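Trainee: What follows is a single structure, and I will ask about it in a moment.
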Amino acid sequence: MSDFFVSTEWLAKHLNDPGLSVVDGSWYLPAQGRNAKAEYEAGHIPRAVFFDHDTVVQPGSTLPHTLPSPEVFATFAGSMGISQDDTIIVYDGPGLFSAPRVWWMFRIMGARDVRILEGGIDRWTAEGRFVTDKPTRIAACLFETDFDEARVASLDEMVAIVATGSAQVADARPSGRFEGVDPEPRAGMRGGHMPGARNVPALS
């Protein structure tokens, strides 16, 4: 087991360990043709709870997927039965699309041991491992946050970075959106990228 990932073999062996939380962090773009919540309800890894990216956000924000405050995040995490001291295993469909965002959110909010499942549930099911459509029993708990503000860049900081080149900006979108030749999935968004950014597509 690495500092960032666990294998399907590891998770299968440790599914019944105390203090283990499994999180389905799947989310998909319209073009991917997948419904994360429907897939979770049809069959998920045992013990997994569903992390709704469209719900775990800052209330009142006019922008989608706005990082919630520590207090708001703690309420959501606690309602999912997840403690900051748990070993938290996050997965999505293909393995490395939306799960890293969930990993990052738990880490900056104070969780100490968070890993991503290699290959996601797509690999898990391809290997013939058990999934269930039964709802996961959740015992609500307290998630004590320790927010690491240094891991979040504000808009003003990003503007300064782009202007000065003081840090490298990585753009994880597909190359067509990065280059501005493919349409954005949300109406009204301009194509292209921040000056100086480099394209590192998440699904490449």
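Residue numbering restarts at 1 for every chain of the structure tokens, chains are lettered A, B, ... in their displayed order, and ligands are numbered from 1 as they appear.
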Write out as number ranges by chain each polymer residue whose atoms come within 9 Å of region 139-146 of chain A, counting only C-alpha atoms; drop sequence neighbours fewer than 5 positions from it.
Mentor: A: 70-71, 73-85, 108-111
Trainee: Among region 28-193 of chain A, which residues carry a DSSP assignment of helix (DSSP H, G or I), reported as a VMD selection string?
Mentor: chain A and resid 30 to 32 36 to 42 70 to 79 99 to 108 120 to 126 149 to 151 155 to 164 175 to 178
Trainee: For Pro135 (chain A), find every residue with an atom within 12 Å (counting only C-alpha atoms), except residues of its own chain fewer than 3 positions away, and show them as a ChimeraX atom specification.
Mentor: /A:40-50,131-132,138
Trainee: With all heavy atoms kept, could you save the residues just selected as an mmCIF file, in the first residue's frame?
Mentor:
```cif
data_model
loop_
_atom_site.group_PDB
_atom_site.id
_atom_site.type_symbol
_atom_site.label_atom_id
_atom_site.label_comp_id
_atom_site.auth_asym_id
_atom_site.auth_seq_id
_atom_site.Cartn_x
_atom_site.Cartn_y
_atom_site.Cartn_z
ATOM 1 N N TYR A 40 -24.157 3.806 -8.344
ATOM 2 C CA TYR A 40 -23.955 3.464 -6.930
ATOM 3 C C TYR A 40 -25.129 2.649 -6.400
ATOM 4 O O TYR A 40 -24.941 1.632 -5.714
ATOM 5 C CB TYR A 40 -23.776 4.731 -6.103
ATOM 6 C CG TYR A 40 -23.777 4.483 -4.605
ATOM 7 C CD1 TYR A 40 -22.618 4.061 -3.960
ATOM 8 C CD2 TYR A 40 -24.949 4.657 -3.857
ATOM 9 C CE1 TYR A 40 -22.620 3.816 -2.593
ATOM 10 C CE2 TYR A 40 -24.952 4.419 -2.489
ATOM 11 C CZ TYR A 40 -23.792 3.998 -1.863
ATOM 12 O OH TYR A 40 -23.801 3.742 -0.513
ATOM 13 N N GLU A 41 -26.344 3.079 -6.708
ATOM 14 C CA GLU A 41 -27.522 2.385 -6.194
ATOM 15 C C GLU A 41 -27.682 1.004 -6.821
ATOM 16 O O GLU A 41 -28.201 0.082 -6.181
ATOM 17 C CB GLU A 41 -28.767 3.237 -6.453
ATOM 18 C CG GLU A 41 -28.780 4.516 -5.623
ATOM 19 C CD GLU A 41 -29.926 5.447 -5.965
ATOM 20 O OE1 GLU A 41 -30.561 5.231 -7.038
ATOM 21 O OE2 GLU A 41 -30.192 6.373 -5.178
ATOM 22 N N ALA A 42 -27.205 0.842 -8.057
ATOM 23 C CA ALA A 42 -27.309 -0.454 -8.725
ATOM 24 C C ALA A 42 -26.276 -1.447 -8.197
ATOM 25 O O ALA A 42 -26.530 -2.666 -8.191
ATOM 26 C CB ALA A 42 -27.140 -0.288 -10.234
ATOM 27 N N GLY A 43 -25.139 -0.957 -7.747
ATOM 28 C CA GLY A 43 -24.110 -1.847 -7.230
ATOM 29 C C GLY A 43 -22.868 -1.104 -6.820
ATOM 30 O O GLY A 43 -22.235 -0.467 -7.658
ATOM 31 N N HIS A 44 -22.539 -1.155 -5.533
ATOM 32 C CA HIS A 44 -21.352 -0.474 -5.026
ATOM 33 C C HIS A 44 -20.517 -1.428 -4.173
ATOM 34 O O HIS A 44 -20.974 -2.512 -3.794
ATOM 35 C CB HIS A 44 -21.743 0.760 -4.198
ATOM 36 C CG HIS A 44 -22.738 0.456 -3.111
ATOM 37 N ND1 HIS A 44 -24.091 0.558 -3.297
ATOM 38 C CD2 HIS A 44 -22.575 0.025 -1.832
ATOM 39 C CE1 HIS A 44 -24.729 0.220 -2.190
ATOM 40 N NE2 HIS A 44 -23.829 -0.113 -1.282
ATOM 41 N N ILE A 45 -19.296 -1.028 -3.890
ATOM 42 C CA ILE A 45 -18.430 -1.828 -3.029
ATOM 43 C C ILE A 45 -19.043 -1.863 -1.634
ATOM 44 O O ILE A 45 -19.509 -0.841 -1.128
ATOM 45 C CB ILE A 45 -17.009 -1.231 -2.993
ATOM 46 C CG1 ILE A 45 -16.376 -1.320 -4.393
ATOM 47 C CG2 ILE A 45 -16.132 -1.950 -1.975
ATOM 48 C CD1 ILE A 45 -15.023 -0.654 -4.510
ATOM 49 N N PRO A 46 -19.087 -3.034 -0.999
ATOM 50 C CA PRO A 46 -19.658 -3.115 0.347
ATOM 51 C C PRO A 46 -19.041 -2.082 1.294
ATOM 52 O O PRO A 46 -17.846 -1.808 1.233
ATOM 53 C CB PRO A 46 -19.312 -4.542 0.785
ATOM 54 C CG PRO A 46 -19.236 -5.311 -0.499
ATOM 55 C CD PRO A 46 -18.649 -4.347 -1.496
ATOM 56 N N ARG A 47 -19.875 -1.493 2.128
ATOM 57 C CA ARG A 47 -19.531 -0.464 3.109
ATOM 58 C C ARG A 47 -19.415 0.926 2.508
ATOM 59 O O ARG A 47 -19.283 1.917 3.237
ATOM 60 C CB ARG A 47 -18.231 -0.790 3.871
ATOM 61 C CG ARG A 47 -18.304 -2.021 4.731
ATOM 62 C CD ARG A 47 -17.038 -2.250 5.514
ATOM 63 N NE ARG A 47 -16.781 -1.182 6.501
ATOM 64 C CZ ARG A 47 -15.799 -1.237 7.400
ATOM 65 N NH1 ARG A 47 -14.999 -2.293 7.443
ATOM 66 N NH2 ARG A 47 -15.621 -0.251 8.261
ATOM 67 N N ALA A 48 -19.466 1.047 1.186
ATOM 68 C CA ALA A 48 -19.261 2.350 0.562
ATOM 69 C C ALA A 48 -20.452 3.280 0.800
ATOM 70 O O ALA A 48 -21.610 2.857 0.752
ATOM 71 C CB ALA A 48 -19.017 2.204 -0.933
ATOM 72 N N VAL A 49 -20.136 4.549 1.044
ATOM 73 C CA VAL A 49 -21.147 5.600 1.086
ATOM 74 C C VAL A 49 -20.940 6.476 -0.135
ATOM 75 O O VAL A 49 -19.850 6.531 -0.706
ATOM 76 C CB VAL A 49 -21.038 6.445 2.383
ATOM 77 C CG1 VAL A 49 -21.348 5.585 3.604
ATOM 78 C CG2 VAL A 49 -19.661 7.098 2.512
ATOM 79 N N PHE A 50 -22.007 7.155 -0.555
ATOM 80 C CA PHE A 50 -21.932 7.961 -1.766
ATOM 81 C C PHE A 50 -21.606 9.408 -1.418
ATOM 82 O O PHE A 50 -22.284 10.026 -0.598
ATOM 83 C CB PHE A 50 -23.249 7.900 -2.539
ATOM 84 C CG PHE A 50 -23.209 8.609 -3.864
ATOM 85 C CD1 PHE A 50 -22.488 8.078 -4.920
ATOM 86 C CD2 PHE A 50 -23.891 9.798 -4.054
ATOM 87 C CE1 PHE A 50 -22.443 8.722 -6.152
ATOM 88 C CE2 PHE A 50 -23.862 10.450 -5.278
ATOM 89 C CZ PHE A 50 -23.129 9.912 -6.333
ATOM 90 N N VAL A 131 -20.155 -6.773 -5.372
ATOM 91 C CA VAL A 131 -20.786 -5.479 -5.167
ATOM 92 C C VAL A 131 -22.177 -5.726 -4.598
ATOM 93 O O VAL A 131 -22.717 -6.833 -4.695
ATOM 94 C CB VAL A 131 -20.877 -4.647 -6.465
ATOM 95 C CG1 VAL A 131 -19.501 -4.296 -6.991
ATOM 96 C CG2 VAL A 131 -21.699 -5.373 -7.526
ATOM 97 N N THR A 132 -22.758 -4.715 -4.016
ATOM 98 C CA THR A 132 -24.074 -4.844 -3.424
ATOM 99 C C THR A 132 -24.953 -3.655 -3.783
ATOM 100 O O THR A 132 -24.441 -2.553 -4.002
ATOM 101 C CB THR A 132 -23.966 -4.950 -1.882
ATOM 102 O OG1 THR A 132 -25.285 -5.078 -1.326
ATOM 103 C CG2 THR A 132 -23.298 -3.713 -1.292
ATOM 104 N N ILE A 138 -25.287 3.506 8.122
ATOM 105 C CA ILE A 138 -24.425 4.624 8.525
ATOM 106 C C ILE A 138 -24.706 4.989 9.975
ATOM 107 O O ILE A 138 -25.868 5.197 10.355
ATOM 108 C CB ILE A 138 -24.656 5.851 7.622
ATOM 109 C CG1 ILE A 138 -24.291 5.529 6.171
ATOM 110 C CG2 ILE A 138 -23.847 7.053 8.126
ATOM 111 C CD1 ILE A 138 -24.627 6.643 5.199
#
```
Trainee: May I ask for the distance between CA of Asp182 (chain A) and CA of Ala99 (chain A), given in Å to one decimal place?
Mentor: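 According to the coordinates, CA of Asp182 (chain A) and CA of Ala99 (chain A) are separated by 24.2 Å.
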Trainee: Extract the full set of strand (DSSP E) residues from region 45-135 of chain A according to DSSP on the backbone, and format it as a VMD selection string.
Mentor: chain A and resid 48 to 50 87 to 91 113 to 117
Trainee: Need to verify the contact set: Phe178 (chain A), 8 Å, only C-alpha atoms, exclusion of same-chain residues closer than 5 positions in sequence. Can you return it as a PDB file with all heavy atoms, in the first residue's frame?
Mentor:
```pdb
ATOM      1  N   ASP A 171      -3.689  22.059 -15.919  1.00  0.00           N
ATOM      2  CA  ASP A 171      -5.086  22.009 -16.338  1.00  0.00           C
ATOM      3  C   ASP A 171      -5.419  20.553 -16.658  1.00  0.00           C
ATOM      4  O   ASP A 171      -4.873  19.962 -17.589  1.00  0.00           O
ATOM      5  CB  ASP A 171      -5.280  22.890 -17.571  1.00  0.00           C
ATOM      6  CG  ASP A 171      -6.733  23.075 -17.956  1.00  0.00           C
ATOM      7  OD1 ASP A 171      -7.512  22.111 -17.827  1.00  0.00           O
ATOM      8  OD2 ASP A 171      -7.099  24.183 -18.389  1.00  0.00           O
ATOM      9  N   ARG A 173      -8.249  19.213 -17.701  1.00  0.00           N
ATOM     10  CA  ARG A 173      -9.319  18.963 -18.657  1.00  0.00           C
ATOM     11  C   ARG A 173      -8.776  18.286 -19.926  1.00  0.00           C
ATOM     12  O   ARG A 173      -7.577  18.314 -20.190  1.00  0.00           O
ATOM     13  CB  ARG A 173     -10.009  20.273 -19.021  1.00  0.00           C
ATOM     14  CG  ARG A 173     -10.722  20.959 -17.861  1.00  0.00           C
ATOM     15  CD  ARG A 173     -11.205  22.334 -18.273  1.00  0.00           C
ATOM     16  NE  ARG A 173     -10.089  23.148 -18.752  1.00  0.00           N
ATOM     17  CZ  ARG A 173     -10.218  24.159 -19.611  1.00  0.00           C
ATOM     18  NH1 ARG A 173     -11.403  24.469 -20.101  1.00  0.00           N
ATOM     19  NH2 ARG A 173      -9.156  24.857 -19.987  1.00  0.00           N
ATOM     20  N   GLY A 191     -13.912  28.824 -23.811  1.00  0.00           N
ATOM     21  CA  GLY A 191     -12.926  27.773 -24.016  1.00  0.00           C
ATOM     22  C   GLY A 191     -11.519  28.301 -23.824  1.00  0.00           C
ATOM     23  O   GLY A 191     -11.294  29.490 -23.596  1.00  0.00           O
ATOM     24  N   GLY A 192     -10.554  27.417 -23.914  1.00  0.00           N
ATOM     25  CA  GLY A 192      -9.161  27.808 -23.742  1.00  0.00           C
ATOM     26  C   GLY A 192      -8.669  27.585 -22.330  1.00  0.00           C
ATOM     27  O   GLY A 192      -9.287  26.869 -21.549  1.00  0.00           O
ATOM     28  N   HIS A 193      -7.532  28.208 -22.001  1.00  0.00           N
ATOM     29  CA  HIS A 193      -6.902  27.937 -20.714  1.00  0.00           C
ATOM     30  C   HIS A 193      -6.207  29.185 -20.168  1.00  0.00           C
ATOM     31  O   HIS A 193      -6.030  30.177 -20.871  1.00  0.00           O
ATOM     32  CB  HIS A 193      -5.885  26.807 -20.857  1.00  0.00           C
ATOM     33  CG  HIS A 193      -4.836  27.082 -21.896  1.00  0.00           C
ATOM     34  ND1 HIS A 193      -4.992  26.728 -23.225  1.00  0.00           N
ATOM     35  CD2 HIS A 193      -3.614  27.690 -21.824  1.00  0.00           C
ATOM     36  CE1 HIS A 193      -3.917  27.090 -23.904  1.00  0.00           C
ATOM     37  NE2 HIS A 193      -3.074  27.686 -23.071  1.00  0.00           N
ATOM     38  N   ASN A 199      -1.266  21.318 -19.985  1.00  0.00           N
ATOM     39  CA  ASN A 199      -2.379  20.369 -20.007  1.00  0.00           C
ATOM     40  C   ASN A 199      -1.928  18.989 -19.528  1.00  0.00           C
ATOM     41  O   ASN A 199      -1.025  18.387 -20.089  1.00  0.00           O
ATOM     42  CB  ASN A 199      -2.930  20.284 -21.436  1.00  0.00           C
ATOM     43  CG  ASN A 199      -4.268  19.588 -21.525  1.00  0.00           C
ATOM     44  OD1 ASN A 199      -4.618  19.053 -22.566  1.00  0.00           O
ATOM     45  ND2 ASN A 199      -5.042  19.594 -20.461  1.00  0.00           N
TER      46      ASN A 199
END
```
Trainee: Could you pull the residues within 9 Å of Val114 (chain A), counting only C-alpha atoms, minus those fewer than 3 positions along the same chain, as a ChimeraX atom specification?
Mentor: /A:3-5,86-90,103-104,106-107,111
Trainee: From the options A:Gly188, A:Pro64, A:Gly93, A:Gly176, which residue's atoms come nearest to Arg34 (chain A), counting only C-alpha atoms?
Mentor: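 Counting only C-alpha atoms, the residue closest to Arg34 (chain A) is A:Gly93.
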Trainee: Just give me the gap between CA of Arg151 (chain A) and CA of Ser21 (chain A) in Å, one decimal is fine.
Mentor: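 Those two atoms sit 23.3 Å apart.
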Trainee: Taking into account only C-alpha atoms, which residue in the set A:Leu29, A:Ala163, A:Pro185, A:His53 is nearest to Leu203 (chain A)?
Mentor: A:Leu29
Trainee: Please provide the set of residues having any atom within 6 Å of Gly25 (chain A), restricted to only C-alpha atoms, with same-chain residues fewer than 6 positions apart removed, written as a list of chain:residue names.
Mentor: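 Neighbouring residues, sequence-local ones excluded: A:Phe51, A:Tyr91, A:Asp92, A:Ala99.
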Trainee: One number please: CA of Leu155 (chain A) to CA of Ile116 (chain A), in Å, one decimal.
Mentor: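 Going from CA of Leu155 (chain A) over to CA of Ile116 (chain A), I get 27.9 Å.
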Trainee: So which residues touch Ala12 (chain A) within 12 Å, counting only C-alpha atoms, skipping near sequence neighbours fewer than 3 positions away, as JSON, numbers by chain?
Mentor: {"A": [6, 7, 8, 9, 15, 16, 17, 20, 22, 45, 46, 47, 89, 117, 124, 125, 127, 128, 129, 130, 131]}
Trainee: For those residues, write C-alpha atoms to a file as a compact mmCIF listing (two decimals), in the first residue's frame.
Mentor:
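And here is the file that came out, part-v3.txt:
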```
# COMPACT_ATOMS: atom_id res chain seq x y z
CA VAL A 6 -4.52 0.92 -2.46
CA SER A 7 -5.01 -2.04 -4.76
CA THR A 8 -8.27 -3.91 -5.20
CA GLU A 9 -6.58 -6.88 -3.53
CA LEU A 15 -13.11 -4.51 3.95
CA ASN A 16 -14.08 -5.69 7.43
CA ASP A 17 -11.37 -3.79 9.30
CA LEU A 20 -12.23 1.72 7.54
CA VAL A 22 -15.14 3.41 1.82
CA ILE A 45 -18.43 -1.83 -3.03
CA PRO A 46 -19.66 -3.12 0.35
CA ARG A 47 -19.53 -0.46 3.11
CA ILE A 89 -10.61 4.66 0.72
CA LEU A 117 -8.55 2.73 -5.09
CA TRP A 124 -13.13 -4.02 -9.05
CA THR A 125 -16.06 -5.35 -11.07
CA GLU A 127 -12.08 -8.72 -11.50
CA GLY A 128 -15.38 -10.26 -10.47
CA ARG A 129 -15.34 -8.82 -6.95
CA PHE A 130 -18.55 -8.54 -4.97
CA VAL A 131 -20.79 -5.48 -5.17
```
